[in-house]
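Visitor: Contents of upload-v1.pdb (PDB, C-alpha atoms) are below:
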ATOM      1  CA  MET K1354     117.867  58.630  76.942
ATOM      2  CA  THR K1355     117.877  60.659  73.733
ATOM      3  CA  ALA K1356     118.451  59.168  70.285
ATOM      4  CA  SER K1357     121.954  60.646  70.136
ATOM      5  CA  ALA K1358     122.789  59.111  73.534
ATOM      6  CA  TYR K1359     121.896  55.667  72.138
ATOM      7  CA  ALA K1360     123.939  56.407  69.020
ATOM      8  CA  ARG K1361     126.950  57.380  71.187
ATOM      9  CA  ILE K1362     126.665  54.070  73.062
ATOM     10  CA  ALA K1363     126.569  52.187  69.738
ATOM     11  CA  ILE K1364     129.685  54.072  68.557
ATOM     12  CA  ALA K1365     131.481  53.254  71.831
ATOM     13  CA  LEU K1366     130.628  49.554  71.368
ATOM     14  CA  LEU K1367     131.868  49.627  67.760
ATOM     15  CA  ALA K1368     135.056  51.506  68.699
ATOM     16  CA  GLY K1369     135.717  48.986  71.489
ATOM     17  CA  ALA K1370     135.255  46.060  69.099
ATOM     18  CA  ILE K1371     137.613  47.586  66.505
ATOM     19  CA  PHE K1372     140.166  48.280  69.254
ATOM     20  CA  GLY K1373     139.868  44.750  70.638
ATOM     21  CA  PHE K1374     140.167  43.128  67.217
ATOM     22  CA  GLY K1375     143.189  45.310  66.454
ATOM     23  CA  LEU K1376     144.873  44.163  69.677
ATOM     24  CA  SER K1377     144.293  40.512  68.739
ATOM     25  CA  LEU K1378     145.392  40.961  65.106
ATOM     26  CA  SER K1379     148.564  42.802  66.134
ATOM     27  CA  GLU K1380     149.269  40.172  68.836
ATOM     28  CA  MET K1381     149.578  42.898  71.490
ATOM     29  CA  VAL K1382     147.079  40.853  73.504
ATOM     30  CA  ASP K1383     150.044  38.502  74.107
ATOM     31  CA  PRO K1384     152.330  39.683  76.958
ATOM     32  CA  ALA K1385     155.183  37.625  75.478
ATOM     33  CA  ARG K1386     155.212  39.889  72.380
ATOM     34  CA  VAL K1387     155.210  43.037  74.533
ATOM     35  CA  ILE K1388     158.065  41.739  76.699
ATOM     36  CA  GLY K1389     159.891  40.705  73.507
ATOM     37  CA  PHE K1390     159.928  44.407  72.595
ATOM     38  CA  LEU K1391     160.728  45.816  76.033
ATOM     39  CA  ASP K1392     163.473  43.287  76.944
ATOM     40  CA  LEU K1393     166.535  44.631  75.131
ATOM     41  CA  ALA K1394     168.940  41.976  76.466
ATOM     42  CA  SER K1395     167.036  38.883  75.298
ATOM     43  CA  GLY K1396     169.232  38.435  72.200
ATOM     44  CA  HIS K1397     166.136  38.149  69.965
ATOM     45  CA  TRP K1398     164.505  41.572  70.122
ATOM     46  CA  ASP K1399     160.950  41.702  68.719
ATOM     47  CA  PRO K1400     160.049  45.003  66.964
ATOM     48  CA  THR K1401     156.310  44.157  66.633
ATOM     49  CA  LEU K1402     155.168  46.758  69.177
ATOM     50  CA  ALA K1403     156.847  49.557  67.214
ATOM     51  CA  PHE K1404     154.845  48.609  64.101
ATOM     52  CA  VAL K1405     151.625  48.595  66.134
ATOM     53  CA  LEU K1406     152.246  52.007  67.704
ATOM     54  CA  GLY K1407     153.446  53.340  64.330
ATOM     55  CA  GLY K1408     150.304  52.085  62.547
ATOM     56  CA  ALA K1409     148.067  53.567  65.231
ATOM     57  CA  VAL K1410     149.703  57.003  65.118
ATOM     58  CA  LEU K1411     149.749  56.917  61.297
ATOM     59  CA  VAL K1412     145.928  56.784  61.325
ATOM     60  CA  ALA K1413     145.401  58.958  64.408
ATOM     61  CA  VAL K1414     147.412  61.961  63.105
ATOM     62  CA  PRO K1415     145.172  62.645  60.047
ATOM     63  CA  GLY K1416     142.173  61.861  62.275
ATOM     64  CA  VAL K1417     143.193  64.603  64.703
ATOM     65  CA  MET K1418     143.850  66.990  61.775
ATOM     66  CA  LEU K1419     140.251  66.325  60.669
ATOM     67  CA  GLN K1420     138.997  66.796  64.242
ATOM     68  CA  ARG K1421     140.681  70.203  64.473
ATOM     69  CA  ARG K1422     138.650  71.407  61.484
ATOM     70  CA  MET K1423     135.397  70.411  63.180
ATOM     71  CA  ALA K1424     133.525  72.814  65.473
ATOM     72  CA  LYS K1425     132.100  69.905  67.477
ATOM     73  CA  PRO K1426     131.952  66.104  67.353
ATOM     74  CA  ILE K1427     129.219  64.514  65.232
ATOM     75  CA  LEU K1428     127.153  63.248  68.188
ATOM     76  CA  ASP K1429     128.029  65.659  70.998
ATOM     77  CA  GLY K1430     128.050  69.371  71.677
ATOM     78  CA  GLN K1431     131.772  69.678  72.382
ATOM     79  CA  PHE K1432     135.077  67.829  72.362
ATOM     80  CA  HIS K1433     136.071  66.526  75.790
ATOM     81  CA  GLN K1434     139.836  67.038  75.868
ATOM     82  CA  PRO K1435     142.285  67.019  78.768
ATOM     83  CA  GLN K1436     142.695  70.577  80.039
ATOM     84  CA  ARG K1437     146.047  70.238  81.779
ATOM     85  CA  ALA K1438     149.050  71.322  79.718
ATOM     86  CA  ASN K1439     151.978  71.232  82.153
ATOM     87  CA  ILE K1440     154.261  68.281  82.773
ATOM     88  CA  ASP K1441     154.097  67.693  86.528
ATOM     89  CA  VAL K1442     155.533  65.258  89.051
ATOM     90  CA  ARG K1443     152.383  63.137  89.123
ATOM     91  CA  LEU K1444     152.451  62.634  85.344
ATOM     92  CA  VAL K1445     156.068  61.481  85.317
ATOM     93  CA  VAL K1446     156.020  59.414  88.533
ATOM     94  CA  GLY K1447     152.671  57.824  87.604
ATOM     95  CA  SER K1448     153.912  56.952  84.105
ATOM     96  CA  ALA K1449     157.109  55.458  85.577
ATOM     97  CA  ILE K1450     155.049  53.303  87.986
ATOM     98  CA  PHE K1451     152.756  52.237  85.149
ATOM     99  CA  GLY K1452     155.713  51.455  82.850
ATOM    100  CA  THR K1453     157.353  49.324  85.553
ATOM    101  CA  GLY K1454     154.184  47.249  85.963
ATOM    102  CA  TRP K1455     153.829  47.005  82.188
ATOM    103  CA  GLY K1456     157.405  45.758  81.759
ATOM    104  CA  LEU K1457     157.194  43.233  84.636
ATOM    105  CA  ALA K1458     154.285  41.185  83.253
ATOM    106  CA  GLY K1459     153.850  42.544  79.702
ATOM    107  CA  PHE K1460     150.254  43.660  80.172
ATOM    108  CA  CYS K1461     148.739  47.117  79.874
ATOM    109  CA  PRO K1462     145.037  47.862  80.462
ATOM    110  CA  GLY K1463     143.665  47.476  76.901
ATOM    111  CA  PRO K1464     145.043  44.021  76.046
ATOM    112  CA  ALA K1465     144.339  42.667  79.540
ATOM    113  CA  ILE K1466     140.704  43.783  79.519
ATOM    114  CA  SER K1467     140.218  42.573  75.955
ATOM    115  CA  ALA K1468     141.612  39.130  76.902
ATOM    116  CA  VAL K1469     139.110  38.793  79.782
ATOM    117  CA  SER K1470     136.712  37.157  77.301
ATOM    118  CA  MET K1471     139.189  34.266  76.907
ATOM    119  CA  GLY K1472     138.728  33.453  80.599
ATOM    120  CA  LEU K1473     142.364  32.899  81.611
ATOM    121  CA  PRO K1474     142.691  33.061  85.431
ATOM    122  CA  LEU K1475     145.903  35.147  85.401
ATOM    123  CA  VAL K1476     144.267  37.707  83.101
ATOM    124  CA  LEU K1477     141.293  37.978  85.449
ATOM    125  CA  LEU K1478     143.691  38.417  88.381
ATOM    126  CA  PHE K1479     145.582  41.150  86.510
ATOM    127  CA  VAL K1480     142.396  43.080  85.675
ATOM    128  CA  ALA K1481     141.194  42.802  89.282
ATOM    129  CA  ALA K1482     144.604  44.115  90.403
ATOM    130  CA  ILE K1483     144.339  47.088  87.997
ATOM    131  CA  ALA K1484     140.966  47.977  89.521
ATOM    132  CA  ALA K1485     142.377  47.563  93.043
ATOM    133  CA  GLY K1486     145.401  49.724  92.138
ATOM    134  CA  MET K1487     143.107  52.494  90.880
ATOM    135  CA  VAL K1488     140.932  52.380  93.994
ATOM    136  CA  LEU K1489     143.996  52.355  96.305
ATOM    137  CA  HIS K1490     145.458  55.311  94.415
ATOM    138  CA  ASP K1491     142.255  57.306  94.691
ATOM    139  CA  ARG K1492     141.976  56.555  98.390
ATOM    140  CA  PHE K1493     145.564  57.173  99.489
ATOM    141  CA  LEU K1494     147.513  59.015  96.779
ATOM    142  CA  ALA K1495     145.014  61.278  95.069
ATOM    143  CA  GLY K1496     146.106  64.382  97.007
ATOM    144  CA  ARG K1497     148.034  66.873  94.912
ATOM    145  CA  CYS K1498     151.762  66.647  95.472
ATOM    146  CA  SER K1499     152.933  69.094  92.830
TER
ATOM    147  CA  MET T 991     158.776  42.770  56.398
ATOM    148  CA  THR T 992     155.493  41.014  55.528
ATOM    149  CA  GLN T 993     155.577  39.293  58.914
ATOM    150  CA  TYR T 994     154.885  42.701  60.518
ATOM    151  CA  LEU T 995     151.870  43.514  58.321
ATOM    152  CA  PRO T 996     149.305  42.158  60.838
ATOM    153  CA  ALA T 997     150.966  44.334  63.507
ATOM    154  CA  LEU T 998     150.767  47.382  61.224
ATOM    155  CA  PHE T 999     147.125  46.711  60.241
ATOM    156  CA  GLY T1000     146.185  45.895  63.848
ATOM    157  CA  GLY T1001     147.831  49.140  64.951
ATOM    158  CA  MET T1002     145.936  51.073  62.261
ATOM    159  CA  MET T1003     142.698  49.631  63.693
ATOM    160  CA  LEU T1004     143.672  50.985  67.130
ATOM    161  CA  GLY T1005     144.143  54.393  65.503
ATOM    162  CA  LEU T1006     140.846  54.092  63.624
ATOM    163  CA  SER T1007     138.999  53.219  66.826
ATOM    164  CA  ALA T1008     140.517  56.192  68.664
ATOM    165  CA  VAL T1009     139.629  58.576  65.813
ATOM    166  CA  LEU T1010     136.063  57.227  65.617
ATOM    167  CA  LEU T1011     135.499  57.809  69.328
ATOM    168  CA  PHE T1012     137.065  61.288  69.157
ATOM    169  CA  VAL T1013     135.410  62.590  65.962
ATOM    170  CA  VAL T1014     131.946  61.111  66.589
ATOM    171  CA  ASN T1015     131.608  61.069  70.396
ATOM    172  CA  GLY T1016     134.175  63.757  71.218
ATOM    173  CA  ARG T1017     135.939  61.439  73.694
ATOM    174  CA  ILE T1018     139.574  60.342  74.052
ATOM    175  CA  ALA T1019     139.952  56.547  73.787
ATOM    176  CA  GLY T1020     142.031  55.990  76.899
ATOM    177  CA  ILE T1021     141.456  52.517  78.292
ATOM    178  CA  SER T1022     142.654  53.298  81.821
ATOM    179  CA  GLY T1023     140.438  56.400  81.840
ATOM    180  CA  ILE T1024     137.441  54.374  80.676
ATOM    181  CA  ILE T1025     138.022  51.798  83.439
ATOM    182  CA  GLY T1026     138.517  54.557  85.990
ATOM    183  CA  ARG T1027     135.222  56.216  85.031
ATOM    184  CA  LEU T1028     133.437  52.844  85.181
ATOM    185  CA  LEU T1029     134.797  52.216  88.691
ATOM    186  CA  GLY T1030     133.767  55.708  89.722
ATOM    187  CA  GLY T1031     130.251  55.203  88.368
ATOM    188  CA  HIS T1032     130.573  57.980  85.765
ATOM    189  CA  GLN T1033     128.931  57.634  82.312
ATOM    190  CA  VAL T1034     128.480  53.940  82.996
ATOM    191  CA  TRP T1035     126.565  52.953  79.862
ATOM    192  CA  ILE T1036     128.941  54.435  77.345
ATOM    193  CA  ASN T1037     132.086  53.194  79.103
ATOM    194  CA  ALA T1038     130.573  49.735  79.637
ATOM    195  CA  ALA T1039     129.721  49.613  75.913
ATOM    196  CA  PHE T1040     133.364  50.263  75.001
ATOM    197  CA  VAL T1041     134.547  47.545  77.415
ATOM    198  CA  VAL T1042     132.022  45.038  76.034
ATOM    199  CA  GLY T1043     133.339  45.904  72.564
ATOM    200  CA  LEU T1044     136.903  45.240  73.779
ATOM    201  CA  PHE T1045     135.796  41.815  75.079
ATOM    202  CA  THR T1046     134.501  40.896  71.618
ATOM    203  CA  GLY T1047     137.963  41.475  70.062
ATOM    204  CA  PRO T1048     139.410  37.976  70.680
ATOM    205  CA  LEU T1049     136.012  36.410  69.852
ATOM    206  CA  LEU T1050     135.792  38.220  66.496
ATOM    207  CA  TYR T1051     139.408  37.218  65.851
ATOM    208  CA  ALA T1052     138.538  33.578  66.594
ATOM    209  CA  ALA T1053     135.515  33.804  64.278
ATOM    210  CA  ALA T1054     137.707  35.181  61.479
ATOM    211  CA  TYR T1055     140.802  32.981  61.901
ATOM    212  CA  GLY T1056     139.426  29.833  63.543
ATOM    213  CA  ARG T1057     141.647  30.141  66.630
ATOM    214  CA  PHE T1058     142.062  32.462  69.582
ATOM    215  CA  PRO T1059     145.075  34.793  69.682
ATOM    216  CA  GLU T1060     148.071  33.575  71.696
ATOM    217  CA  VAL T1061     148.223  34.792  75.290
ATOM    218  CA  THR T1062     151.458  33.565  76.897
ATOM    219  CA  ILE T1063     151.912  34.626  80.518
ATOM    220  CA  ALA T1064     155.299  33.581  81.856
ATOM    221  CA  SER T1065     154.898  35.464  85.162
ATOM    222  CA  SER T1066     153.907  33.881  88.481
ATOM    223  CA  TRP T1067     150.611  34.940  90.017
ATOM    224  CA  PRO T1068     152.189  37.149  92.712
ATOM    225  CA  LEU T1069     154.085  39.037  90.000
ATOM    226  CA  VAL T1070     150.890  39.383  87.934
ATOM    227  CA  LEU T1071     149.092  40.759  91.006
ATOM    228  CA  PHE T1072     151.934  43.184  91.836
ATOM    229  CA  SER T1073     152.258  44.453  88.269
ATOM    230  CA  GLY T1074     148.480  44.926  88.009
ATOM    231  CA  LEU T1075     148.523  47.096  91.143
ATOM    232  CA  LEU T1076     151.351  49.196  89.642
ATOM    233  CA  VAL T1077     149.504  49.513  86.306
ATOM    234  CA  GLY T1078     146.244  50.538  88.012
ATOM    235  CA  GLY T1079     147.794  53.037  90.413
ATOM    236  CA  GLY T1080     150.336  54.365  87.897
ATOM    237  CA  THR T1081     147.854  55.007  85.096
ATOM    238  CA  ARG T1082     145.562  56.800  87.530
ATOM    239  CA  MET T1083     148.378  59.002  88.836
ATOM    240  CA  GLY T1084     149.779  59.632  85.333
ATOM    241  CA  SER T1085     146.341  60.239  83.759
ATOM    242  CA  GLY T1086     146.659  57.576  81.082
ATOM    243  CA  CYS T1087     148.302  54.544  79.557
ATOM    244  CA  THR T1088     149.509  53.208  76.221
ATOM    245  CA  SER T1089     146.219  54.115  74.486
ATOM    246  CA  GLY T1090     145.348  57.604  75.746
ATOM    247  CA  HIS T1091     148.898  58.966  75.952
ATOM    248  CA  GLY T1092     150.559  56.579  73.487
ATOM    249  CA  ILE T1093     148.118  56.824  70.566
ATOM    250  CA  LEU T1094     145.841  59.854  70.706
ATOM    251  CA  GLY T1095     148.148  61.909  72.923
ATOM    252  CA  LEU T1096     151.037  61.574  70.456
ATOM    253  CA  ALA T1097     148.686  62.285  67.512
ATOM    254  CA  ARG T1098     147.450  65.429  69.302
ATOM    255  CA  PHE T1099     151.099  66.467  69.793
ATOM    256  CA  SER T1100     150.396  66.771  73.510
ATOM    257  CA  LYS T1101     153.554  67.675  75.470
ATOM    258  CA  ARG T1102     152.227  65.783  78.499
ATOM    259  CA  SER T1103     151.612  62.653  76.437
ATOM    260  CA  PHE T1104     155.087  62.771  74.864
ATOM    261  CA  ALA T1105     156.573  62.983  78.371
ATOM    262  CA  ALA T1106     154.304  60.189  79.667
ATOM    263  CA  THR T1107     155.009  57.882  76.704
ATOM    264  CA  ALA T1108     158.776  58.402  76.895
ATOM    265  CA  THR T1109     158.625  57.715  80.647
ATOM    266  CA  PHE T1110     156.538  54.527  80.553
ATOM    267  CA  LEU T1111     158.514  53.142  77.598
ATOM    268  CA  ALA T1112     161.785  53.764  79.459
ATOM    269  CA  ALA T1113     160.433  52.269  82.700
ATOM    270  CA  GLY T1114     159.003  49.300  80.797
ATOM    271  CA  ILE T1115     162.348  48.652  79.111
ATOM    272  CA  VAL T1116     164.194  48.830  82.447
ATOM    273  CA  ALA T1117     161.691  46.476  84.143
ATOM    274  CA  ALA T1118     161.485  43.909  81.323
ATOM    275  CA  THR T1119     165.238  43.896  80.672
ATOM    276  CA  THR T1120     165.988  43.509  84.393
ATOM    277  CA  MET T1121     163.501  40.630  84.657
ATOM    278  CA  GLY T1122     165.084  39.039  81.572
ATOM    279  CA  LEU T1123     168.588  39.275  83.060
ATOM    280  CA  LEU T1124     167.415  37.801  86.399
ATOM    281  CA  LYS T1125     165.899  34.729  84.742
TER
END
Written as structure tokens, how would this file's structure read?

Guide:
Amino acid sequence: MTASAYARIAIALLAGAIFGFGLSLSEMVDPARVIGFLDLASGHWDPTLAFVLGGAVLVAVPGVMLQRRMAKPILDGQFHQPQRANIDVRLVVGSAIFGTGWGLAGFCPGPAISAVSMGLPLVLLFVAAIAAGMVLHDRFLAGRCS
Amino acid sequence: MTQYLPALFGGMMLGLSAVLLFVVNGRIAGISGIIGRLLGGHQVWINAAFVVGLFTGPLLYAAAYGRFPEVTIASSWPLVLFSGLLVGGGTRMGSGCTSGHGILGLARFSKRSFAATATFLAAGIVAATTMGLLK
């Protein structure tokens, strides 16, 4: 591996650690806080998630403005961005399926994977189910339907 | 309002992490995408490094605050299993989750990510509110 490949791995590790710490600090690692936001009929609505998403976008917007002035990333030859631009059936149906799973148990991939290090059996089960869901999708549903 | 400051700062760290990965490595910090690439055996080292970093989050938090963050799971194991399958399959079909679409996608003013985020928020609200009413 080249020196810049090692440096990219170090950056990925650092970015993961910052992301994981942010999820713990913001309490988004706790499904009860997520459900407190998504459940509108609980009588004690919890706005925490809105502050988390707001804080993240507040930093990401100037970051993307900076990125757009750069010809290439610091440690790579080009930016790897999604190429698709159209809103298709798979995007909307997939997001609706994801959102349903997210709302049922209060976990999305980042917090669940971050919480693996705490060793809770239900978290491990959830992460295994995410992996199984991805594999099942790729095996049976990956054909284009739009 | 001060009670929401940790949420705001924590959220800003999510944004910082996403920007770091984008500006330095040229990659979108989408957790479902990173897991998908790991499962597919693509760019294993770099994606594994990000996941190992994610694991350290609660440990660093415990080192700083002397306790682990709360993780309260009220759901039964069959519901956890079912919702995990939906999250895995859905994020794969919809090309992203709360991080890729919800943070960097919105910041990039991506039309697809706005549509995805609106859809999974709406579906999440319907699912969580329905579960709450059934309790």

Visitor: Pick from K:Phe1493, K:Tyr1359, K:Phe1451, K:Trp1398: nearest to chain T, with only C-alpha atoms counted?

Guide: K:Phe1451

Visitor: Would you mind reading off the distance between atom CA of Leu1473 of chain K and atom CA of Val1061 of chain T, one decimal, in Å?

Guide: 8.8 Å

Visitor: What are the closest atom pairs, with distances in Å to one decimal, for all residues of segment 1458-1488 of chain K lying within 12 Å of segment 1023-1038 of chain T? Consider all atoms listed in the file, order rows by chain and residue number, and present the result as a Markdown table.

Guide:
| residue | atom | partner | partner_atom | distance |
| --- | --- | --- | --- | --- |
| K:Pro1462 | CA | T:Ile1025 | CA | 8.6 |
| K:Gly1463 | CA | T:Ile1025 | CA | 9.7 |
| K:Ala1465 | CA | T:Ile1025 | CA | 11.8 |
| K:Ile1466 | CA | T:Ile1025 | CA | 9.3 |
| K:Val1480 | CA | T:Ile1025 | CA | 10.0 |
| K:Ala1481 | CA | T:Ile1025 | CA | 11.2 |
| K:Ile1483 | CA | T:Ile1025 | CA | 9.1 |
| K:Ala1484 | CA | T:Leu1029 | CA | 7.5 |
| K:Ala1485 | CA | T:Leu1029 | CA | 9.9 |
| K:Gly1486 | CA | T:Gly1026 | CA | 10.4 |
| K:Met1487 | CA | T:Gly1026 | CA | 7.0 |
| K:Val1488 | CA | T:Leu1029 | CA | 8.1 |

Visitor: Could you tell me which of K:Leu1489, K:Ala1356, K:Leu1494, K:Val1405 comes closest to chain T if we count all atoms listed in the file?

Guide: K:Val1405

Visitor: For Val1445 of chain K, work out the shell of residues within 9 Å, counting all atoms listed in the file and skipping chain neighbours fewer than 5 positions away, then give it as a PyMOL selection string.

Guide: (chain K and resi 1440+1450) or (chain T and resi 1083-1084+1102+1105-1106+1109-1110)

Visitor: For Thr1120 of chain T, which residue among K:Leu1419, K:Leu1376, K:Ile1388, K:Ala1438 is the nearest when counting all atoms listed in the file?

Guide: K:Ile1388

Visitor: Atom CA of Gly1373 of chain K and atom CA of Ala1360 of chain K, how far apart in Å?

Guide: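 Computing the Euclidean distance for atom CA of Ala1360 of chain K and atom CA of Gly1373 of chain K yields 19.8 Å.
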
Visitor: Which distance in Å separates atom CA of Asp1392 of chain K and atom CA of Trp1455 of chain K, to one decimal?

Guide: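 The value is 11.6 Å.
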
Visitor: Pick the closest to Leu1011 of chain T from K:Leu1475, K:Ala1413, K:Ala1495, K:Leu1378: which is it, counting all atoms listed in the file?

Guide: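 Of the candidates, the smallest distance to Leu1011 of chain T is held by K:Ala1413.
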
Visitor: Return as a list in words the set of residues that the PyMOL selection byres ((chain T and resi 1012) around 9) yields on the displayed structure.

Guide: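 For this structure, the PyMOL selection byres ((chain T and resi 1012) around 9) captures Gly1416, Val1417, Gln1420, Pro1426, Phe1432 and His1433 of chain K; Ser1007, Ala1008, Val1009, Leu1010, Leu1011, Val1013, Val1014, Asn1015, Gly1016, Arg1017, Ile1018 and Ala1019 of chain T.
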
Visitor: List the neighbours of Arg1057 of chain T out to 12 Å using all atoms listed in the file; skip same-chain residues closer than 5 positions along the sequence, and give me the result as a compact mmCIF listing (two decimals) with C-alpha atoms, in the coordinates of the input.

Guide:
# COMPACT_ATOMS: atom_id res chain seq x y z
CA SER K 1377 144.29 40.51 68.74
CA LEU K 1378 145.39 40.96 65.11
CA MET K 1471 139.19 34.27 76.91
CA PRO T 1048 139.41 37.98 70.68
CA LEU T 1049 136.01 36.41 69.85
CA LEU T 1050 135.79 38.22 66.50
CA TYR T 1051 139.41 37.22 65.85
CA ALA T 1052 138.54 33.58 66.59

Visitor: If you apply the PyMOL selection byres ((chain T and resi 1064-1068) around 12) to this file, what residues do you get, as number ranges by chain?

Guide: K: 1383-1389, 1454-1460, 1473-1479, 1482; T: 1061-1063, 1069-1075, 1118, 1121-1122, 1125

Visitor: Any chance you could resolve the PyMOL selection byres ((chain K and resi 1375) around 8) against this file and give the residues as a ChimeraX atom specification?

Guide: /K:1371-1374,1376-1379 /T:999-1004,1047
